[in-house]
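Note: the block below is final34.cif and it holds mmCIF, C-alpha atoms.
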```
data_entry
#
loop_
_atom_site.group_PDB
_atom_site.id
_atom_site.type_symbol
_atom_site.label_atom_id
_atom_site.label_comp_id
_atom_site.auth_asym_id
_atom_site.auth_seq_id
_atom_site.Cartn_x
_atom_site.Cartn_y
_atom_site.Cartn_z
ATOM 1 C CA MET A 1 10.009 23.725 8.462
ATOM 2 C CA ILE A 2 8.482 21.825 11.393
ATOM 3 C CA ASP A 3 5.135 23.609 11.036
ATOM 4 C CA ILE A 4 4.986 22.800 7.326
ATOM 5 C CA MET A 5 6.314 19.241 7.395
ATOM 6 C CA LEU A 6 4.911 17.913 10.697
ATOM 7 C CA PRO A 7 1.495 16.782 9.340
ATOM 8 C CA ALA A 8 3.207 15.018 6.401
ATOM 9 C CA PHE A 9 5.661 13.339 8.784
ATOM 10 C CA ILE A 10 2.877 12.089 11.075
ATOM 11 C CA GLU A 11 0.975 10.785 8.053
ATOM 12 C CA CYS A 12 4.142 8.958 6.925
ATOM 13 C CA LEU A 13 4.478 7.351 10.366
ATOM 14 C CA VAL A 14 0.870 6.165 10.226
ATOM 15 C CA LEU A 15 1.402 4.746 6.737
ATOM 16 C CA VAL A 16 4.619 3.020 7.789
ATOM 17 C CA GLY A 17 2.889 1.497 10.807
ATOM 18 C CA ILE A 18 0.151 -0.339 8.909
ATOM 19 C CA HIS A 19 1.862 -0.906 5.554
ATOM 20 C CA SER A 20 5.007 -2.474 7.023
ATOM 21 C CA TYR A 21 2.818 -5.144 8.606
ATOM 22 C CA LEU A 22 0.635 -5.724 5.545
ATOM 23 C CA GLY A 23 3.728 -5.776 3.342
ATOM 24 C CA ILE A 24 5.089 -8.843 5.121
ATOM 25 C CA HIS A 25 1.838 -10.662 4.350
ATOM 26 C CA VAL A 26 1.945 -9.561 0.725
ATOM 27 C CA ILE A 27 5.501 -10.807 0.166
ATOM 28 C CA LYS A 28 4.827 -14.058 2.028
ATOM 29 C CA ARG A 29 1.762 -14.664 -0.158
ATOM 30 C CA GLY A 30 3.714 -13.860 -3.330
ATOM 31 C CA VAL A 31 1.220 -11.207 -4.468
ATOM 32 C CA ILE A 32 3.645 -8.310 -4.710
ATOM 33 C CA PHE A 33 1.526 -6.162 -6.997
ATOM 34 C CA VAL A 34 -1.798 -6.589 -5.203
ATOM 35 C CA ASP A 35 -1.213 -3.253 -3.489
ATOM 36 C CA LEU A 36 -0.617 -1.537 -6.816
ATOM 37 C CA ALA A 37 -3.747 -3.132 -8.290
ATOM 38 C CA LEU A 38 -5.981 -2.203 -5.349
ATOM 39 C CA ALA A 39 -4.506 1.296 -5.265
ATOM 40 C CA GLN A 40 -5.278 1.707 -8.954
ATOM 41 C CA MET A 41 -8.813 0.452 -8.422
ATOM 42 C CA ALA A 42 -9.291 2.932 -5.588
ATOM 43 C CA ALA A 43 -7.923 5.675 -7.839
ATOM 44 C CA PHE A 44 -10.374 4.589 -10.543
ATOM 45 C CA GLY A 45 -13.221 5.007 -8.057
ATOM 46 C CA THR A 46 -12.021 8.525 -7.280
ATOM 47 C CA VAL A 47 -11.934 9.390 -10.973
ATOM 48 C CA VAL A 48 -15.463 8.042 -11.474
ATOM 49 C CA ALA A 49 -16.663 10.258 -8.632
ATOM 50 C CA PHE A 50 -14.844 13.222 -10.187
ATOM 51 C CA ILE A 51 -16.597 12.604 -13.513
ATOM 52 C CA PHE A 52 -19.862 12.975 -11.564
ATOM 53 C CA HIS A 53 -18.540 16.294 -10.186
ATOM 54 C CA TYR A 54 -17.509 15.103 -6.723
ATOM 55 C CA GLU A 55 -14.122 16.376 -5.544
ATOM 56 C CA PRO A 56 -11.539 13.731 -4.498
ATOM 57 C CA ASP A 57 -11.604 14.792 -0.826
ATOM 58 C CA THR A 58 -15.373 14.315 -0.413
ATOM 59 C CA GLY A 59 -17.174 11.461 1.283
ATOM 60 C CA VAL A 60 -18.846 10.445 -1.970
ATOM 61 C CA ALA A 61 -15.473 10.115 -3.708
ATOM 62 C CA PHE A 62 -14.223 7.978 -0.824
ATOM 63 C CA ALA A 63 -17.319 5.765 -1.111
ATOM 64 C CA PHE A 64 -16.679 5.258 -4.839
ATOM 65 C CA SER A 65 -13.041 4.344 -4.120
ATOM 66 C CA LEU A 66 -13.989 1.964 -1.328
ATOM 67 C CA ILE A 67 -16.558 0.188 -3.511
ATOM 68 C CA ALA A 68 -13.913 -0.293 -6.204
ATOM 69 C CA ALA A 69 -11.453 -1.667 -3.613
ATOM 70 C CA ILE A 70 -14.098 -4.060 -2.237
ATOM 71 C CA ILE A 71 -14.718 -5.355 -5.760
ATOM 72 C CA GLY A 72 -10.967 -5.882 -6.025
ATOM 73 C CA ALA A 73 -10.917 -7.805 -2.742
ATOM 74 C CA LEU A 74 -13.658 -10.092 -4.041
ATOM 75 C CA ILE A 75 -11.881 -10.619 -7.367
ATOM 76 C CA PHE A 76 -8.527 -11.505 -5.779
ATOM 77 C CA SER A 77 -10.057 -13.872 -3.238
ATOM 78 C CA LEU A 78 -11.884 -15.705 -6.040
ATOM 79 C CA LEU A 79 -8.880 -15.796 -8.382
ATOM 80 C CA LYS A 80 -6.920 -17.970 -5.976
ATOM 81 C CA GLN A 81 -7.589 -21.587 -6.898
ATOM 82 C CA LYS A 82 -6.247 -24.774 -5.328
ATOM 83 C CA LYS A 83 -5.019 -26.170 -8.625
ATOM 84 C CA SER A 84 -4.449 -23.691 -11.390
ATOM 85 C CA GLU A 85 -1.748 -23.259 -13.994
ATOM 86 C CA ILE A 86 -2.394 -19.497 -14.001
ATOM 87 C CA PRO A 87 -0.602 -17.754 -11.107
ATOM 88 C CA LEU A 88 -2.574 -15.293 -9.002
ATOM 89 C CA GLU A 89 -0.011 -12.581 -9.769
ATOM 90 C CA ALA A 90 -0.966 -12.777 -13.462
ATOM 91 C CA GLY A 91 -4.604 -12.051 -12.628
ATOM 92 C CA ILE A 92 -3.533 -9.178 -10.389
ATOM 93 C CA GLY A 93 -1.394 -7.740 -13.186
ATOM 94 C CA VAL A 94 -4.216 -7.906 -15.708
ATOM 95 C CA THR A 95 -6.594 -6.276 -13.231
ATOM 96 C CA TYR A 96 -4.109 -3.454 -12.678
ATOM 97 C CA ALA A 97 -3.686 -2.925 -16.428
ATOM 98 C CA ILE A 98 -7.447 -2.860 -17.056
ATOM 99 C CA PHE A 99 -8.186 -0.335 -14.332
ATOM 100 C CA SER A 100 -5.177 1.797 -15.290
ATOM 101 C CA ALA A 101 -6.476 1.967 -18.859
ATOM 102 C CA ALA A 102 -10.003 2.713 -17.635
ATOM 103 C CA THR A 103 -8.690 5.492 -15.391
ATOM 104 C CA ILE A 104 -6.798 7.075 -18.293
ATOM 105 C CA LEU A 105 -9.841 6.891 -20.561
ATOM 106 C CA LEU A 106 -12.072 8.542 -17.967
ATOM 107 C CA ILE A 107 -9.567 11.202 -16.987
ATOM 108 C CA GLU A 108 -9.363 12.277 -20.648
ATOM 109 C CA LYS A 109 -12.973 13.436 -20.303
ATOM 110 C CA ALA A 110 -12.204 15.515 -17.222
ATOM 111 C CA PRO A 111 -10.837 19.076 -17.315
ATOM 112 C CA HIS A 112 -7.121 19.266 -16.450
ATOM 113 C CA GLY A 113 -6.885 15.476 -16.764
ATOM 114 C CA GLY A 114 -3.084 15.416 -16.720
ATOM 115 C CA GLU A 115 -3.003 17.182 -13.376
ATOM 116 C CA HIS A 116 -5.367 14.617 -11.876
ATOM 117 C CA ILE A 117 -3.265 11.703 -13.131
ATOM 118 C CA GLN A 118 -0.189 13.254 -11.539
ATOM 119 C CA GLU A 119 -2.050 13.756 -8.256
ATOM 120 C CA ILE A 120 -3.254 10.137 -8.295
ATOM 121 C CA LEU A 121 0.310 8.906 -8.832
ATOM 122 C CA THR A 122 2.170 11.217 -6.428
ATOM 123 C CA GLY A 123 -0.565 12.183 -3.964
ATOM 124 C CA SER A 124 -0.760 15.394 -1.952
ATOM 125 C CA LEU A 125 1.162 14.318 1.139
ATOM 126 C CA LEU A 126 2.531 17.785 1.864
ATOM 127 C CA TRP A 127 -0.977 19.253 2.130
ATOM 128 C CA VAL A 128 -2.534 16.587 4.331
ATOM 129 C CA GLN A 129 -4.925 17.997 6.962
ATOM 130 C CA TRP A 130 -4.984 17.025 10.640
ATOM 131 C CA LYS A 131 -8.616 15.912 10.377
ATOM 132 C CA THR A 132 -7.576 13.496 7.616
ATOM 133 C CA ILE A 133 -4.748 12.159 9.774
ATOM 134 C CA ILE A 134 -7.122 11.598 12.708
ATOM 135 C CA THR A 135 -9.561 9.715 10.467
ATOM 136 C CA VAL A 136 -6.755 7.580 9.072
ATOM 137 C CA VAL A 137 -5.410 6.779 12.552
ATOM 138 C CA ILE A 138 -8.842 5.626 13.753
ATOM 139 C CA VAL A 139 -9.535 3.449 10.700
ATOM 140 C CA TYR A 140 -6.033 1.938 10.639
ATOM 141 C CA ALA A 141 -6.243 1.230 14.353
ATOM 142 C CA LEU A 142 -9.496 -0.679 13.829
ATOM 143 C CA VAL A 143 -7.908 -2.649 10.978
ATOM 144 C CA GLY A 144 -4.873 -3.338 13.183
ATOM 145 C CA ILE A 145 -7.081 -4.600 16.020
ATOM 146 C CA PHE A 146 -8.966 -6.834 13.588
ATOM 147 C CA HIS A 147 -5.714 -8.332 12.317
ATOM 148 C CA PHE A 148 -4.363 -8.753 15.849
ATOM 149 C CA ILE A 149 -7.460 -10.644 16.984
ATOM 150 C CA PHE A 150 -7.296 -13.020 14.019
ATOM 151 C CA LYS A 151 -3.524 -12.940 13.509
ATOM 152 C CA ASP A 152 -3.188 -16.725 13.762
ATOM 153 C CA LYS A 153 -5.458 -17.265 10.752
ATOM 154 C CA PHE A 154 -3.924 -14.501 8.645
ATOM 155 C CA ILE A 155 -0.349 -15.575 9.388
ATOM 156 C CA ALA A 156 -1.144 -19.259 8.836
ATOM 157 C CA ILE A 157 -2.575 -18.521 5.373
ATOM 158 C CA SER A 158 0.319 -16.228 4.465
ATOM 159 C CA GLU A 159 2.888 -18.812 5.541
ATOM 160 C CA ASP A 160 1.233 -21.806 3.848
ATOM 161 C CA SER A 161 -2.320 -21.571 2.527
ATOM 162 C CA HIS A 162 -2.524 -25.285 1.690
ATOM 163 C CA LYS A 163 -1.569 -26.315 5.224
ATOM 164 C CA ALA A 164 -3.975 -23.731 6.641
ATOM 165 C CA GLU A 165 -6.802 -25.270 4.630
ATOM 166 C CA GLU A 166 -5.842 -28.744 5.828
ATOM 167 C CA ASP A 167 -6.029 -27.392 9.382
ATOM 168 C CA GLY A 168 -9.669 -26.417 8.803
ATOM 169 C CA ILE A 169 -9.314 -22.715 8.001
ATOM 170 C CA ASN A 170 -11.712 -21.382 5.374
ATOM 171 C CA VAL A 171 -8.958 -19.908 3.195
ATOM 172 C CA ARG A 172 -11.247 -18.245 0.653
ATOM 173 C CA LEU A 173 -13.256 -16.463 3.352
ATOM 174 C CA TRP A 174 -10.192 -15.247 5.229
ATOM 175 C CA ASP A 175 -8.501 -14.265 1.975
ATOM 176 C CA PHE A 176 -11.506 -12.074 1.212
ATOM 177 C CA LEU A 177 -11.403 -10.527 4.697
ATOM 178 C CA PHE A 178 -7.672 -9.900 4.307
ATOM 179 C CA TYR A 179 -8.071 -8.199 0.930
ATOM 180 C CA LEU A 180 -11.126 -6.305 2.196
ATOM 181 C CA SER A 181 -9.239 -4.823 5.163
ATOM 182 C CA PHE A 182 -6.290 -4.261 2.855
ATOM 183 C CA GLY A 183 -8.535 -2.424 0.422
ATOM 184 C CA VAL A 184 -9.845 -0.119 3.164
ATOM 185 C CA VAL A 185 -6.270 0.804 4.073
ATOM 186 C CA ILE A 186 -5.263 1.347 0.444
ATOM 187 C CA THR A 187 -8.311 3.498 -0.278
ATOM 188 C CA LEU A 188 -7.421 5.905 2.515
ATOM 189 C CA SER A 189 -3.701 5.835 1.763
ATOM 190 C CA VAL A 190 -4.031 6.680 -1.932
ATOM 191 C CA ARG A 191 -5.991 9.835 -1.119
ATOM 192 C CA THR A 192 -2.942 11.453 0.478
ATOM 193 C CA ALA A 193 0.137 9.492 -0.566
ATOM 194 C CA GLY A 194 -0.691 8.506 -4.143
ATOM 195 C CA VAL A 195 -0.327 5.153 -5.887
ATOM 196 C CA LEU A 196 3.475 5.077 -6.123
ATOM 197 C CA LEU A 197 4.265 5.985 -2.520
ATOM 198 C CA VAL A 198 1.618 3.609 -1.153
ATOM 199 C CA PHE A 199 3.192 0.762 -3.126
ATOM 200 C CA VAL A 200 6.675 1.630 -1.843
ATOM 201 C CA PHE A 201 5.473 1.973 1.771
ATOM 202 C CA LEU A 202 4.078 -1.525 1.492
ATOM 203 C CA ILE A 203 6.936 -3.331 -0.245
ATOM 204 C CA ALA A 204 10.195 -1.491 0.584
ATOM 205 C CA PRO A 205 10.225 -1.942 4.405
ATOM 206 C CA SER A 206 9.300 -5.609 4.036
ATOM 207 C CA LEU A 207 12.048 -6.239 1.464
ATOM 208 C CA PHE A 208 14.568 -4.504 3.708
ATOM 209 C CA THR A 209 13.600 -6.480 6.801
ATOM 210 C CA MET A 210 13.694 -9.774 4.921
ATOM 211 C CA MET A 211 17.284 -9.002 3.914
ATOM 212 C CA VAL A 212 18.419 -8.332 7.479
ATOM 213 C CA SER A 213 16.143 -10.289 9.835
ATOM 214 C CA ASN A 214 13.895 -13.302 10.439
ATOM 215 C CA GLY A 215 10.560 -13.676 12.232
ATOM 216 C CA TRP A 216 7.423 -11.565 12.066
ATOM 217 C CA LYS A 217 8.078 -9.530 15.222
ATOM 218 C CA ASN A 218 11.663 -8.599 14.364
ATOM 219 C CA ARG A 219 10.767 -7.720 10.783
ATOM 220 C CA LEU A 220 7.875 -5.557 11.908
ATOM 221 C CA ILE A 221 9.977 -3.585 14.404
ATOM 222 C CA ILE A 222 12.855 -3.113 11.950
ATOM 223 C CA GLY A 223 10.394 -2.090 9.231
ATOM 224 C CA TRP A 224 8.928 0.597 11.476
ATOM 225 C CA ILE A 225 12.363 1.959 12.377
ATOM 226 C CA MET A 226 13.576 1.923 8.771
ATOM 227 C CA GLY A 227 10.366 3.536 7.519
ATOM 228 C CA THR A 228 10.594 6.316 10.103
ATOM 229 C CA ILE A 229 14.203 7.152 9.215
ATOM 230 C CA VAL A 230 13.484 7.083 5.483
ATOM 231 C CA SER A 231 10.383 9.269 5.887
ATOM 232 C CA VAL A 232 12.320 11.909 7.846
ATOM 233 C CA THR A 233 15.144 11.881 5.298
ATOM 234 C CA GLY A 234 12.792 12.096 2.322
ATOM 235 C CA LEU A 235 10.800 14.950 3.848
ATOM 236 C CA ILE A 236 13.979 16.915 4.639
ATOM 237 C CA ILE A 237 15.246 16.455 1.071
ATOM 238 C CA SER A 238 11.848 17.523 -0.246
ATOM 239 C CA TYR A 239 11.903 20.687 1.871
ATOM 240 C CA LYS A 240 15.537 21.635 1.256
ATOM 241 C CA PHE A 241 15.484 21.154 -2.522
ATOM 242 C CA ASP A 242 11.821 21.968 -3.157
ATOM 243 C CA PHE A 243 11.105 18.505 -4.583
ATOM 244 C CA PRO A 244 7.677 16.798 -4.564
ATOM 245 C CA THR A 245 7.292 15.039 -1.209
ATOM 246 C CA GLY A 246 6.080 11.603 -2.311
ATOM 247 C CA PRO A 247 8.715 10.984 -5.005
ATOM 248 C CA SER A 248 11.452 12.188 -2.623
ATOM 249 C CA VAL A 249 10.498 9.549 -0.059
ATOM 250 C CA VAL A 250 10.298 6.903 -2.815
ATOM 251 C CA ILE A 251 13.833 7.713 -4.030
ATOM 252 C CA VAL A 252 15.255 7.484 -0.499
ATOM 253 C CA TYR A 253 13.584 4.079 -0.046
ATOM 254 C CA GLY A 254 15.158 2.967 -3.322
ATOM 255 C CA GLY A 255 18.583 4.178 -2.218
ATOM 256 C CA VAL A 256 18.366 2.313 1.083
ATOM 257 C CA LEU A 257 17.358 -0.921 -0.646
ATOM 258 C CA LEU A 258 20.159 -0.573 -3.203
ATOM 259 C CA ILE A 259 22.826 0.059 -0.562
ATOM 260 C CA THR A 260 21.561 -2.817 1.594
ATOM 261 C CA SER A 261 21.610 -5.186 -1.397
ATOM 262 C CA LEU A 262 25.190 -4.189 -2.255
ATOM 263 C CA ILE A 263 26.330 -4.689 1.343
ATOM 264 C CA LYS A 264 24.741 -8.131 1.469
ATOM 265 C CA LEU A 265 26.400 -9.006 -1.864
ATOM 266 C CA VAL A 266 29.847 -7.979 -0.575
ATOM 267 C CA ILE A 267 29.356 -9.887 2.696
ATOM 268 C CA SER A 268 28.196 -13.025 0.891
ATOM 269 C CA LYS A 269 31.227 -12.949 -1.439
ATOM 270 C CA LYS A 270 33.624 -12.538 1.488
ATOM 271 C CA ALA A 271 31.952 -15.453 3.270
#
```

Written as structure tokens, that's how I'd like the structure from this file.
Amino acid sequence: MIDIMLPAFIECLVLVGIHSYLGIHVIKRGVIFVDLALAQMAAFGTVVAFIFHYEPDTGVAFAFSLIAAIIGALIFSLLKQKKSEIPLEAGIGVTYAIFSAATILLIEKAPHGGEHIQEILTGSLLWVQWKTIITVVIVYALVGIFHFIFKDKFIAISEDSHKAEEDGINVRLWDFLFYLSFGVVITLSVRTAGVLLVFVFLIAPSLFTMMVSNGWKNRLIIGWIMGTIVSVTGLIISYKFDFPTGPSVVIVYGGVLLITSLIKLVISKKA
């Protein structure tokens, strides 16, 4: 079991490490579905590459996905306006719908299209290679260092973009850099974990930590711990019952969030 599941477990830890942090930003900014939209755009890039006969695990396919994610970063940074009656989340939702439809249309022209859609959604976490994990660790570490160096700007914009702009921060520029780095992470994550699991890795730990803690540092630490426990549990369930790995981890995340919500509800009623 350890030999089979160890690479998937390490990949889950890497995903938890970066996505738990980015997830706090996403929830603070109120752009919950930006991850789903960027993941779908990255998946669209992979499908385009496949139409041109490049396998999903090739460098060319990754380049197509990254270009699509960069376009998404530019779109989302431009959609945010100082005074607009249209919420940014609406633009993100429309973008997701458009690229989902485009992906489906393209995949219909590919042989075994249904199988490719399933792989895009659920990923191939169980079959992740060590060389892929090493690449992911290096890239995520560089993104983490970038965010650490400029954490004051990123956090200031996530907490209150209007105040950040009043303080002299170029919000549009730093929004683009945030979504750009975010897109790089999503592009790599989707290749192994799939769209659904990437979305859950981003949102679920952050939701959990916001229910039980305050402050960026505490939420980040708790998110890492929770994500590690959930990943181990999901992988064990996947192995024992021969379930797909990604969906198993997603279901465990959902169970943890449901139980936590019920506990908080009971405590609040007693108080």

> Between atom CA of A:Thr95 and atom CA of A:Ile71, what is the distance, to one decimal in Å?
Replying inline: 11.1 Å

>> I want to know what sits within 8 Å of stretch 255-267 of chain A, based on all atoms listed in the file, with residues of the same chain fewer than 3 positions away left out; could you give that as a PyMOL selection string?
In response: chain A and resi 204+207-208+211+251-252+270-271

Take the residues just selected and output them with C-alpha atoms as a PDB file, in the coordinates of the input.
```pdb
ATOM      1  CA  ALA A 204      10.195  -1.491   0.584  1.00  0.00           C
ATOM      2  CA  LEU A 207      12.048  -6.239   1.464  1.00  0.00           C
ATOM      3  CA  PHE A 208      14.568  -4.504   3.708  1.00  0.00           C
ATOM      4  CA  MET A 211      17.284  -9.002   3.914  1.00  0.00           C
ATOM      5  CA  ILE A 251      13.833   7.713  -4.030  1.00  0.00           C
ATOM      6  CA  VAL A 252      15.255   7.484  -0.499  1.00  0.00           C
ATOM      7  CA  LYS A 270      33.624 -12.538   1.488  1.00  0.00           C
ATOM      8  CA  ALA A 271      31.952 -15.453   3.270  1.00  0.00           C
TER       9      ALA A 271
END
```

Would you compute, for all listed atoms of stretch 145-153 of chain A, the axis-aligned bounding box grown by 5 Å on each side, and then report its centre and edge lengths in Å rounded to one decimal, as lines of an AutoDock Vina configuration file?
```
center_x = -6.1
center_y = -10.9
center_z = 13.9
size_x = 15.8
size_y = 22.7
size_z = 16.2
```

>> I'd like the residues picked by the PyMOL selection byres ((chain A and resi 144) around 12) written out as a PyMOL selection string, using the chain letters and numbers from the file.
In response: chain A and resi 14+17-22+136-143+145-151+178+181-182+184-185

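In terms of minimum interatomic distance to A:Ala61, A:Arg191 ranks closest within A:Lys217, A:Leu126, A:Arg191, A:Tyr96, counting only C-alpha atoms.
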
>> Could you list, as a ChimeraX atom specification, every residue within 9 Å of stretch 229-242 of chain A, counting only C-alpha atoms and ignoring same-chain residues fewer than 5 positions away?
In response: /A:1,5,8-9,12-13,16,126,224,247-253,256

For this file, the PyMOL selection byres ((chain A and resi 62) around 9) selects which residues, as a compact mmCIF listing (two decimals) with C-alpha atoms, in the coordinates of the input?
```txt
# COMPACT_ATOMS: atom_id res chain seq x y z
CA ALA A 42 -9.29 2.93 -5.59
CA GLY A 45 -13.22 5.01 -8.06
CA THR A 46 -12.02 8.52 -7.28
CA ALA A 49 -16.66 10.26 -8.63
CA PRO A 56 -11.54 13.73 -4.50
CA ASP A 57 -11.60 14.79 -0.83
CA THR A 58 -15.37 14.32 -0.41
CA GLY A 59 -17.17 11.46 1.28
CA VAL A 60 -18.85 10.44 -1.97
CA ALA A 61 -15.47 10.12 -3.71
CA ALA A 63 -17.32 5.76 -1.11
CA PHE A 64 -16.68 5.26 -4.84
CA SER A 65 -13.04 4.34 -4.12
CA LEU A 66 -13.99 1.96 -1.33
CA ILE A 67 -16.56 0.19 -3.51
CA THR A 187 -8.31 3.50 -0.28
CA LEU A 188 -7.42 5.90 2.52
CA ARG A 191 -5.99 9.84 -1.12
```

>> Which residue is closest to A:Ile225? Choose from A:Ala156, A:Lys163, A:Pro205, A:Ala73 and count all atoms listed in the file.
In response: A:Pro205

> What gap, in Å, lies between atom CA of A:Val200 and atom CA of A:Thr135?
Replying inline: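 Value for the atom CA of A:Val200-atom CA of A:Thr135 distance: 21.9 Å.
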
> Using all atoms listed in the file, which of A:Ala90, A:Leu15, A:Val47, A:Leu6 sits nearest A:Gly223?
Replying inline: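 Answer, going by the shortest atom-to-atom distance: A:Leu15.
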
> Which residue, A:Leu74, A:Ile24, A:Leu38, A:Val31, has the smallest gap to A:Val195 when you use all atoms listed in the file?
Replying inline: A:Leu38

>> My list of candidates is A:Ser124, A:Gln129, A:Thr228, A:Gln40. Which is closest to A:Phe99 when distances are computed with only C-alpha atoms?
In response: A:Gln40

>> What does the structure give for the distance between atom CA of A:His53 and atom CA of A:Ser100, in Å to one decimal?
In response: 20.4 Å

> With all atoms listed in the file as the atoms that count, which of A:Ala164, A:Ile4, A:Ala37, A:Ala43 lies nearest to A:Phe199?
Replying inline: A:Ala37

> Expanded to explicit residues, what is the PyMOL selection byres ((chain A and resi 176) around 9) for this file, as a list of chain:residue names?
Replying inline: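 Going through the file, the PyMOL selection byres ((chain A and resi 176) around 9) ends up selecting A:Ala73, A:Leu74, A:Ile75, A:Phe76, A:Ser77, A:Leu78, A:Val171, A:Arg172, A:Leu173, A:Trp174, A:Asp175, A:Leu177, A:Phe178, A:Tyr179, A:Leu180, A:Ser181.
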
Have stretch 62-73 of chain A completed to N, CA and C atoms, please, and pass it along as a tab-separated table (two decimals), in the coordinates of the input.
```tsv
chain	number	residue	atom	x	y	z
A	62	PHE	N	-14.78	9.07	-1.63
A	62	PHE	CA	-14.22	7.98	-0.82
A	62	PHE	C	-15.09	6.73	-0.96
A	63	ALA	N	-16.41	6.91	-0.98
A	63	ALA	CA	-17.32	5.76	-1.11
A	63	ALA	C	-17.11	5.06	-2.45
A	64	PHE	N	-16.95	5.84	-3.52
A	64	PHE	CA	-16.68	5.26	-4.84
A	64	PHE	C	-15.38	4.45	-4.81
A	65	SER	N	-14.34	5.02	-4.20
A	65	SER	CA	-13.04	4.34	-4.12
A	65	SER	C	-13.14	3.07	-3.31
A	66	LEU	N	-13.86	3.13	-2.20
A	66	LEU	CA	-13.99	1.96	-1.33
A	66	LEU	C	-14.76	0.84	-2.03
A	67	ILE	N	-15.80	1.20	-2.76
A	67	ILE	CA	-16.56	0.19	-3.51
A	67	ILE	C	-15.66	-0.50	-4.53
A	68	ALA	N	-14.83	0.28	-5.22
A	68	ALA	CA	-13.91	-0.29	-6.20
A	68	ALA	C	-12.91	-1.23	-5.53
A	69	ALA	N	-12.41	-0.83	-4.35
A	69	ALA	CA	-11.45	-1.67	-3.61
A	69	ALA	C	-12.11	-2.96	-3.11
A	70	ILE	N	-13.37	-2.86	-2.70
A	70	ILE	CA	-14.10	-4.06	-2.24
A	70	ILE	C	-14.30	-5.03	-3.40
A	71	ILE	N	-14.61	-4.50	-4.56
A	71	ILE	CA	-14.72	-5.36	-5.76
A	71	ILE	C	-13.38	-6.05	-6.03
A	72	GLY	N	-12.29	-5.30	-5.86
A	72	GLY	CA	-10.97	-5.88	-6.02
A	72	GLY	C	-10.70	-7.00	-5.03
A	73	ALA	N	-11.10	-6.78	-3.78
A	73	ALA	CA	-10.92	-7.80	-2.74
A	73	ALA	C	-11.66	-9.08	-3.11
```
